[in-house]
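Enquirer: File name structure.cif; file contents mmCIF, C-alpha atoms; full text below.
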data_data
#
loop_
_atom_site.label_atom_id
_atom_site.label_comp_id
_atom_site.auth_asym_id
_atom_site.auth_seq_id
_atom_site.Cartn_x
_atom_site.Cartn_y
_atom_site.Cartn_z
CA MET A 148 134.72 12.28 -20.34
CA PRO A 149 136.53 13.65 -23.43
CA SER A 150 137.97 17.14 -23.29
CA LEU A 151 136.43 20.13 -25.04
CA LYS A 152 139.14 20.01 -27.69
CA ASP A 153 138.40 16.35 -28.41
CA LEU A 154 134.68 17.11 -28.73
CA ARG A 155 135.37 20.04 -31.09
CA ASN A 156 137.61 17.85 -33.25
CA ARG A 157 135.02 15.09 -33.35
CA ILE A 158 132.21 17.50 -34.30
CA ALA A 159 134.36 18.92 -37.11
CA SER A 160 135.18 15.41 -38.31
CA VAL A 161 131.52 14.34 -38.39
CA LYS A 162 130.55 17.54 -40.21
CA ALA A 163 133.21 16.84 -42.86
CA THR A 164 131.88 13.29 -43.25
CA GLN A 165 128.34 14.63 -43.54
CA LYS A 166 129.41 16.89 -46.41
CA ILE A 167 130.90 13.88 -48.21
CA THR A 168 127.84 11.67 -47.75
CA LYS A 169 125.55 14.51 -48.86
CA ALA A 170 127.64 15.04 -51.99
CA MET A 171 127.62 11.29 -52.73
CA GLN A 172 123.84 11.22 -52.32
CA MET A 173 123.42 14.06 -54.82
CA VAL A 174 125.79 12.41 -57.32
CA ALA A 175 123.95 9.08 -57.00
CA ALA A 176 120.61 10.84 -57.51
CA ALA A 177 121.93 12.46 -60.70
CA LYS A 178 123.27 9.14 -62.03
CA LEU A 179 120.16 7.21 -61.01
CA ARG A 180 117.86 8.88 -63.52
CA ARG A 181 120.01 7.94 -66.52
CA ALA A 182 120.66 4.43 -65.20
CA GLN A 183 116.95 3.87 -64.51
CA GLU A 184 115.97 5.04 -67.99
CA SER A 185 118.53 2.70 -69.57
CA ALA A 186 117.36 -0.28 -67.50
CA GLU A 187 113.69 0.34 -68.27
CA ALA A 188 114.44 0.80 -71.98
CA ALA A 189 116.28 -2.55 -72.11
CA ARG A 190 113.46 -4.57 -70.54
CA PRO A 191 111.03 -4.63 -73.52
CA TYR A 192 113.81 -5.61 -75.94
CA ALA A 193 115.02 -8.45 -73.73
CA GLU A 194 111.47 -9.68 -73.15
CA ARG A 195 110.63 -9.58 -76.86
CA MET A 196 113.87 -11.44 -77.62
CA GLU A 197 112.73 -14.19 -75.25
CA SER A 198 109.33 -14.27 -76.98
CA VAL A 199 110.90 -14.66 -80.41
CA LEU A 200 113.15 -17.43 -79.10
CA ALA A 201 110.13 -19.16 -77.60
CA ASN A 202 108.32 -19.00 -80.96
CA LEU A 203 111.36 -20.34 -82.80
CA SER A 204 112.10 -23.08 -80.29
CA ASP A 205 108.63 -24.60 -80.76
CA ALA A 206 109.58 -25.54 -84.32
CA LEU A 207 112.78 -27.26 -83.15
CA LYS A 208 111.38 -29.37 -80.34
CA GLY A 209 112.49 -32.96 -80.64
CA ARG A 210 115.02 -32.29 -83.41
CA ASP A 211 118.54 -33.62 -83.05
CA ASP A 212 120.13 -30.65 -84.80
CA ALA A 213 118.87 -28.12 -82.23
CA SER A 214 121.58 -25.88 -80.78
CA PRO A 215 123.02 -26.91 -77.39
CA LEU A 216 122.60 -23.26 -76.34
CA LEU A 217 118.85 -23.91 -76.57
CA ILE A 218 118.44 -27.48 -75.36
CA GLY A 219 121.62 -27.89 -73.31
CA THR A 220 124.18 -30.66 -73.24
CA GLY A 221 121.82 -33.24 -71.78
CA LYS A 222 123.41 -33.07 -68.33
CA ASP A 223 123.89 -30.57 -65.51
CA ASP A 224 127.05 -31.73 -63.76
CA VAL A 225 129.01 -28.48 -64.07
CA HIS A 226 127.44 -25.10 -63.30
CA LEU A 227 128.88 -21.70 -64.16
CA LEU A 228 127.72 -18.78 -62.01
CA LEU A 229 127.98 -15.25 -63.42
CA VAL A 230 127.91 -13.02 -60.34
CA ALA A 231 127.42 -9.36 -61.33
CA THR A 232 128.10 -6.79 -58.59
CA ALA A 233 129.49 -3.27 -58.35
CA GLU A 234 133.09 -2.12 -58.55
CA ARG A 235 132.64 0.18 -55.54
CA GLY A 236 131.06 -0.03 -52.12
CA LEU A 237 129.12 2.46 -49.97
CA CYS A 238 125.82 1.29 -51.47
CA GLY A 239 124.15 -0.41 -48.52
CA GLY A 240 123.43 -4.13 -48.85
CA PHE A 241 123.43 -4.11 -52.67
CA ASN A 242 126.63 -6.13 -53.17
CA ALA A 243 126.09 -8.34 -50.12
CA SER A 244 122.60 -9.44 -51.19
CA ILE A 245 123.74 -10.57 -54.65
CA SER A 246 126.79 -12.35 -53.22
CA LYS A 247 124.63 -14.05 -50.58
CA LEU A 248 122.20 -15.34 -53.23
CA ALA A 249 125.08 -16.70 -55.32
CA ARG A 250 126.70 -18.24 -52.24
CA VAL A 251 123.51 -20.05 -51.22
CA HIS A 252 123.00 -21.30 -54.79
CA ALA A 253 126.59 -22.54 -55.00
CA GLN A 254 126.37 -24.31 -51.64
CA ASP A 255 123.13 -25.99 -52.71
CA LEU A 256 124.70 -27.22 -55.95
CA MET A 257 127.81 -28.50 -54.18
CA SER A 258 125.67 -30.36 -51.64
CA GLN A 259 124.13 -32.18 -54.62
CA GLY A 260 127.56 -33.22 -55.86
CA LYS A 261 127.69 -30.67 -58.70
CA THR A 262 130.83 -28.86 -59.82
CA VAL A 263 130.65 -25.08 -59.48
CA LYS A 264 132.65 -22.50 -61.41
CA ILE A 265 132.30 -18.75 -60.86
CA ILE A 266 132.97 -15.71 -63.02
CA CYS A 267 132.75 -12.47 -61.06
CA ILE A 268 131.64 -9.31 -62.88
CA GLY A 269 132.72 -6.58 -60.50
CA LYS A 270 135.33 -6.39 -57.76
CA LYS A 271 132.97 -6.44 -54.78
CA GLY A 272 131.46 -9.82 -55.66
CA HIS A 273 134.94 -11.26 -56.05
CA ASP A 274 135.99 -9.91 -52.65
CA ALA A 275 132.88 -11.38 -51.00
CA LEU A 276 133.21 -14.85 -52.52
CA LYS A 277 136.97 -15.42 -52.73
CA ARG A 278 137.36 -16.53 -49.11
CA GLU A 279 134.88 -19.40 -49.38
CA PHE A 280 134.95 -20.08 -53.14
CA GLY A 281 138.41 -18.84 -54.11
CA SER A 282 139.30 -22.10 -55.83
CA HIS A 283 136.05 -22.03 -57.82
CA ILE A 284 136.52 -18.52 -59.26
CA ILE A 285 137.94 -18.87 -62.76
CA ASP A 286 137.81 -15.25 -63.91
CA LEU A 287 137.18 -11.64 -62.84
CA VAL A 288 135.69 -9.14 -65.27
CA ASP A 289 136.86 -5.65 -64.32
CA LEU A 290 134.54 -2.84 -65.44
CA LYS A 291 136.12 -0.14 -63.27
CA SER A 292 137.39 1.80 -66.29
CA VAL A 293 133.97 1.72 -68.04
CA ARG A 294 132.18 5.02 -67.45
CA HIS A 295 129.02 4.19 -69.42
CA LEU A 296 127.92 0.61 -69.96
CA ALA A 297 127.51 -0.36 -73.60
CA PHE A 298 126.34 -3.48 -75.38
CA VAL A 299 129.93 -4.22 -76.40
CA ASN A 300 130.81 -4.82 -72.74
CA ALA A 301 128.11 -7.49 -72.49
CA GLN A 302 129.19 -8.97 -75.84
CA ASP A 303 132.74 -9.47 -74.58
CA ILE A 304 131.44 -11.35 -71.53
CA ALA A 305 129.02 -13.38 -73.68
CA ARG A 306 131.82 -14.42 -76.07
CA LYS A 307 133.92 -15.58 -73.13
CA VAL A 308 131.01 -17.59 -71.68
CA ILE A 309 130.07 -19.14 -75.04
CA GLY A 310 133.72 -20.06 -75.64
CA LEU A 311 133.82 -21.92 -72.32
CA PHE A 312 130.54 -23.65 -73.15
CA GLU A 313 131.73 -24.78 -76.58
CA ALA A 314 134.92 -26.09 -74.95
CA GLY A 315 132.81 -28.25 -72.65
CA GLU A 316 133.78 -26.36 -69.49
CA PHE A 317 130.22 -26.27 -68.08
CA ASP A 318 126.66 -27.44 -68.72
CA VAL A 319 124.48 -24.72 -67.14
CA CYS A 320 125.13 -21.00 -66.76
CA THR A 321 123.20 -18.77 -64.34
CA LEU A 322 123.44 -14.99 -64.12
CA PHE A 323 123.02 -13.25 -60.74
CA TYR A 324 122.12 -9.57 -60.65
CA SER A 325 119.83 -7.16 -58.79
CA LYS A 326 116.58 -6.13 -60.49
CA PHE A 327 115.70 -2.49 -59.99
CA LYS A 328 112.20 -1.67 -58.71
CA ASN A 329 112.62 1.69 -57.00
CA VAL A 330 115.11 3.60 -54.87
CA MET A 331 114.19 1.58 -51.78
CA THR A 332 113.80 -1.84 -53.39
CA GLN A 333 116.27 -3.86 -55.44
CA THR A 334 115.64 -7.58 -55.79
CA PRO A 335 118.55 -10.06 -56.18
CA THR A 336 117.61 -12.26 -59.14
CA PRO A 337 119.03 -15.47 -60.65
CA GLN A 338 118.48 -16.02 -64.38
CA GLN A 339 119.58 -19.09 -66.34
CA VAL A 340 121.06 -18.04 -69.68
CA ILE A 341 122.50 -21.38 -70.90
CA PRO A 342 120.54 -23.36 -71.90
CA ALA A 343 118.01 -20.66 -72.70
CA MET A 344 115.07 -20.68 -70.31
CA ILE A 345 111.82 -20.40 -72.28
CA GLU A 346 108.83 -19.24 -70.27
CA VAL A 347 105.77 -21.46 -70.50
CA GLU A 348 103.55 -18.46 -71.23
CA ALA A 349 105.86 -17.23 -73.96
CA SER A 350 106.04 -20.58 -75.75
CA ALA A 351 102.36 -20.36 -76.54
CA GLY A 352 103.13 -17.60 -79.03
CA VAL A 353 103.62 -13.87 -79.22
CA VAL A 354 100.43 -11.93 -78.61
CA ALA A 355 99.77 -9.05 -80.95
CA ASP A 356 98.17 -5.73 -79.97
CA SER A 357 94.75 -6.98 -81.06
CA GLY A 358 94.95 -9.87 -78.59
CA ALA A 359 95.43 -12.58 -81.24
CA VAL A 360 98.44 -14.90 -81.33
CA ALA A 361 100.93 -13.72 -83.93
CA CYS A 362 102.16 -16.34 -86.41
CA TYR A 363 105.53 -15.81 -88.09
CA GLU A 364 107.13 -17.24 -91.19
CA TYR A 365 110.91 -17.20 -91.09
CA GLU A 366 113.46 -16.82 -93.86
CA PRO A 367 115.97 -18.46 -93.69
CA GLU A 368 115.06 -21.53 -91.64
CA GLU A 369 114.55 -21.46 -87.89
CA SER A 370 117.81 -23.30 -87.17
CA GLU A 371 119.86 -20.75 -89.12
CA ILE A 372 118.18 -17.84 -87.35
CA LEU A 373 118.75 -19.43 -83.95
CA GLU A 374 122.42 -19.94 -84.75
CA ASP A 375 122.82 -16.16 -84.74
CA LEU A 376 120.02 -15.27 -82.33
CA LEU A 377 120.99 -17.51 -79.39
CA PRO A 378 124.47 -16.02 -78.85
CA ARG A 379 122.96 -12.56 -79.27
CA ASN A 380 120.31 -13.39 -76.68
CA ILE A 381 122.99 -14.30 -74.13
CA ALA A 382 124.64 -10.92 -74.67
CA VAL A 383 121.25 -9.17 -74.44
CA GLN A 384 120.37 -10.86 -71.14
CA ILE A 385 123.80 -10.08 -69.67
CA PHE A 386 123.49 -6.46 -70.85
CA ARG A 387 120.07 -6.24 -69.28
CA GLY A 388 121.45 -7.60 -66.00
CA LEU A 389 124.31 -5.06 -66.04
CA LEU A 390 121.91 -2.18 -66.67
CA GLU A 391 119.59 -3.37 -63.89
CA ASN A 392 122.63 -3.58 -61.62
CA ALA A 393 123.74 -0.06 -62.51
CA ALA A 394 120.32 1.38 -61.62
CA SER A 395 120.09 -0.73 -58.45
CA GLU A 396 123.57 0.34 -57.35
CA GLN A 397 122.79 4.04 -57.67
CA GLY A 398 119.42 3.61 -55.95
CA ALA A 399 121.00 1.70 -53.08
CA ARG A 400 123.84 4.23 -52.79
CA MET A 401 121.41 7.14 -52.78
CA SER A 402 119.38 5.54 -49.99
CA ALA A 403 122.48 4.56 -47.99
CA MET A 404 124.05 8.02 -48.25
CA ASP A 405 120.76 9.67 -47.27
CA ASN A 406 120.65 7.51 -44.13
CA ALA A 407 124.31 8.27 -43.42
CA THR A 408 123.72 12.02 -43.80
CA ARG A 409 120.78 11.95 -41.39
CA ASN A 410 122.72 9.82 -38.90
CA ALA A 411 125.63 12.27 -39.07
CA GLY A 412 123.23 15.12 -38.36
CA GLU A 413 121.87 13.32 -35.30
CA MET A 414 125.41 12.59 -34.07
CA ILE A 415 126.38 16.26 -34.52
CA ASP A 416 123.37 17.33 -32.44
CA LYS A 417 124.26 14.90 -29.63
CA LEU A 418 127.94 15.90 -29.64
CA THR A 419 127.00 19.59 -29.63
CA ILE A 420 124.76 19.10 -26.59
CA THR A 421 127.55 17.18 -24.84
CA TYR A 422 130.06 19.90 -25.75
CA ASN A 423 127.81 22.71 -24.45
CA ARG A 424 127.14 20.87 -21.18
CA SER A 425 130.83 20.16 -20.66
CA ARG A 426 131.72 23.78 -21.44
CA GLN A 427 129.04 25.06 -19.08
CA ALA A 428 130.25 22.74 -16.31
CA GLN A 429 133.84 23.87 -16.84
CA ILE A 430 132.86 27.56 -16.71
CA THR A 431 130.83 26.97 -13.54
CA LYS A 432 133.77 25.18 -11.96
CA GLU A 433 136.13 28.05 -12.81
CA LEU A 434 133.70 30.61 -11.38
CA ILE A 435 133.40 28.65 -8.15
CA GLU A 436 137.21 28.52 -7.85
CA ILE A 437 137.51 32.29 -8.42
CA ILE A 438 134.78 33.08 -5.88
CA SER A 439 136.26 30.67 -3.35
CA GLY A 440 139.71 32.27 -3.79
CA ALA A 441 138.30 35.77 -3.36
CA GLU A 442 136.47 34.81 -0.19
CA ALA A 443 139.62 33.24 1.23
CA LEU A 444 141.42 36.58 0.91
#
Please go through the file and, once you have read it, give me the structure as structure tokens.

Expert:
Amino acid sequence: MPSLKDLRNRIASVKATQKITKAMQMVAAAKLRRAQESAEAARPYAERMESVLANLSDALKGRDDASPLLIGTGKDDVHLLLVATAERGLCGGFNASISKLARVHAQDLMSQGKTVKIICIGKKGHDALKREFGSHIIDLVDLKSVRHLAFVNAQDIARKVIGLFEAGEFDVCTLFYSKFKNVMTQTPTPQQVIPAMIEVEASAGVVADSGAVACYEYEPEESEILEDLLPRNIAVQIFRGLLENAASEQGARMSAMDNATRNAGEMIDKLTITYNRSRQAQITKELIEIISGAEAL
């Protein structure tokens, strides 16, 4: 059994850890509100961008001059995986769940004879994948110095991805991120960004507020609009994924630190009971020794 001094030191250590986890929980709760608002504000824009692309792509079906960003290269031999995770840990299973989804997807592609390339956005995803897929990781995007995510950060990543695509480095690009639902639930999500995935429902047209299908006339031509809109859409979808990740990270960290704080409290209670029992037993033993010595005299 540990000594009283050891128990006192351990109780003090757990109390110090509890203060840290409680502070981290409060910081995560403060950051979560802003991150959640940003993620929810980005969703309608990204969804409307997909709707506009769906409407435009209908006019280009079957045309040879359609952008490869929309229709692809005609093959899917080489896949690029954009794995977006956090730069820091202590957020429960947030990073592990995204990395696991990307790992399973990569293994499935490799079993089909496909070539896999990986770009990690965030240090934790790189650390989780480098042991098994170290030779497949071609780049690491470090966002540790970025305090507030901005569209320019997504644009830089999009330019890098589009440059690789235009150089013929890959055929299909898939983004992996965690979609925020609430503090307790974050869903790892894969989203194909190259070639653009057009939802079947969206391709039927954009529905106006009255319930009728909106019909658009474009100036200049659809192909010229898509030339600018498709690269912008890639940046928008990456930005949306980063914002969803930011909200999911803070939600997961808040939940994890809350659990850690409660667990620390339970451990302090158990250690305190053990300390009091040991102290009582030691006092009783000393009293017995004093009484026994007095009787011997």

Enquirer: Using all atoms listed in the file, pick whichever of A:Glu279, A:Asp303, A:Glu234, A:Glu187 has the shortest atom-to-atom distance to Ile381 (chain A).

Expert: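 Once distances to Ile381 (chain A) are computed over all atoms listed in the file, the minimum belongs to A:Asp303.
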
Enquirer: Quick one: residues within 12 Å of Asn410 (chain A), all atoms listed in the file, excluding same-chain residues fewer than 4 positions away - as number ranges by chain?

Expert: A: 161-162, 164-165, 168-169, 403-406, 414-417

Enquirer: For Leu151 (chain A), list every protein, DNA or RNA residue within 7 Å, evaluated using all atoms listed in the file, and leave out those in the same chain fewer than 3 positions away; present the list as a count of residues only.

Expert: 4

Enquirer: Run through the PyMOL selection byres ((chain A and resi 309-326) around 8) on the given coordinates and return the selected residues as a ChimeraX atom specification.

Expert: /A:219-220,222-232,241,245,248-249,305-308,327-328,333-342,378,385,388-389,391-392,395

Enquirer: Would you mind listing what lies within 12 Å of Arg424 (chain A) as a list in words, with all atoms listed in the file counted and same-chain residues fewer than 5 positions away left out?

Expert: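 That gives Met148, Ser150, Leu151, Leu154, Lys417, Leu418, Thr419, Gln429, Ile430 and Thr431 of chain A.
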
Enquirer: Please produce a file of those selected residues containing C-alpha atoms, as a short mmCIF file (atom, residue, chain, number, x, y, z; two decimals), in the coordinates of the input.

Expert:
data_model
loop_
_atom_site.label_atom_id
_atom_site.label_comp_id
_atom_site.auth_asym_id
_atom_site.auth_seq_id
_atom_site.Cartn_x
_atom_site.Cartn_y
_atom_site.Cartn_z
CA MET A 148 134.72 12.28 -20.34
CA SER A 150 137.97 17.14 -23.29
CA LEU A 151 136.43 20.13 -25.04
CA LEU A 154 134.68 17.11 -28.73
CA LYS A 417 124.26 14.90 -29.63
CA LEU A 418 127.94 15.90 -29.64
CA THR A 419 127.00 19.59 -29.63
CA GLN A 429 133.84 23.87 -16.84
CA ILE A 430 132.86 27.56 -16.71
CA THR A 431 130.83 26.97 -13.54
#

Enquirer: Evaluate the PyMOL selection byres ((chain A and resi 173) around 12) here and jot the selected residues down as a PDB file with C-alpha atoms, in the coordinates of the input.

Expert:
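This went into expr_38.pdb:
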ATOM      1  CA  LYS A 166     129.410  16.890 -46.410  1.00  0.00           C
ATOM      2  CA  ILE A 167     130.900  13.880 -48.210  1.00  0.00           C
ATOM      3  CA  THR A 168     127.840  11.670 -47.750  1.00  0.00           C
ATOM      4  CA  LYS A 169     125.550  14.510 -48.860  1.00  0.00           C
ATOM      5  CA  ALA A 170     127.640  15.040 -51.990  1.00  0.00           C
ATOM      6  CA  MET A 171     127.620  11.290 -52.730  1.00  0.00           C
ATOM      7  CA  GLN A 172     123.840  11.220 -52.320  1.00  0.00           C
ATOM      8  CA  VAL A 174     125.790  12.410 -57.320  1.00  0.00           C
ATOM      9  CA  ALA A 175     123.950   9.080 -57.000  1.00  0.00           C
ATOM     10  CA  ALA A 176     120.610  10.840 -57.510  1.00  0.00           C
ATOM     11  CA  ALA A 177     121.930  12.460 -60.700  1.00  0.00           C
ATOM     12  CA  LYS A 178     123.270   9.140 -62.030  1.00  0.00           C
ATOM     13  CA  LEU A 179     120.160   7.210 -61.010  1.00  0.00           C
ATOM     14  CA  ARG A 180     117.860   8.880 -63.520  1.00  0.00           C
ATOM     15  CA  GLN A 397     122.790   4.040 -57.670  1.00  0.00           C
ATOM     16  CA  GLY A 398     119.420   3.610 -55.950  1.00  0.00           C
ATOM     17  CA  ARG A 400     123.840   4.230 -52.790  1.00  0.00           C
ATOM     18  CA  MET A 401     121.410   7.140 -52.780  1.00  0.00           C
ATOM     19  CA  SER A 402     119.380   5.540 -49.990  1.00  0.00           C
ATOM     20  CA  ALA A 403     122.480   4.560 -47.990  1.00  0.00           C
ATOM     21  CA  MET A 404     124.050   8.020 -48.250  1.00  0.00           C
ATOM     22  CA  ASP A 405     120.760   9.670 -47.270  1.00  0.00           C
ATOM     23  CA  THR A 408     123.720  12.020 -43.800  1.00  0.00           C
TER      24      THR A 408
END

Enquirer: Using only C-alpha atoms, pick whichever of A:Ile420, A:Leu276, A:Leu256, A:Ile438 has the shortest atom-to-atom distance to Asn242 (chain A).

Expert: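 Under the stated criterion, the closest residue is A:Leu276.
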
Enquirer: Report as lines of an AutoDock Vina configuration file the centre and the edge lengths, in Å to one decimal, of the axis-aligned box holding every listed atom of region 368-383 of chain A, padded by 8 Å on each side.

Expert:
center_x = 119.6
center_y = -16.2
center_z = -82.9
size_x = 26.1
size_y = 30.1
size_z = 33.5

Enquirer: I'd like to know which of A:Ala411, A:Val251, A:Val288, A:Leu296 is closest to Ile158 (chain A), using all atoms listed in the file.

Expert: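 Residue with the minimum atom-to-atom distance to Ile158 (chain A): A:Ala411.
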
Enquirer: Measure the distance from CA of Ile266 (chain A) to CA of Ala297 (chain A) in Å and round it to one decimal.

Expert: 19.4 Å

Enquirer: Could you tell me which of A:Ala159, A:Gly236, A:Arg409, A:Glu197 comes closest to Gln384 (chain A) if we count only C-alpha atoms?

Expert: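 Looking at the shortest contact to Gln384 (chain A), the residue is A:Glu197.
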
Enquirer: Give me the residues near Ala189 (chain A) as a count of residues only, where near means some atom within 12 Å (using all atoms listed in the file) and where sequence neighbours in that chain fewer than 2 positions away do not count.

Expert: 24

Enquirer: Choose the residue, out of A:Ala243, A:Val263, A:Leu237, A:Leu216, that has the smallest atom-to-atom separation from Ala343 (chain A); count all atoms listed in the file.

Expert: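 So, comparing all the options, the nearest one is A:Leu216.
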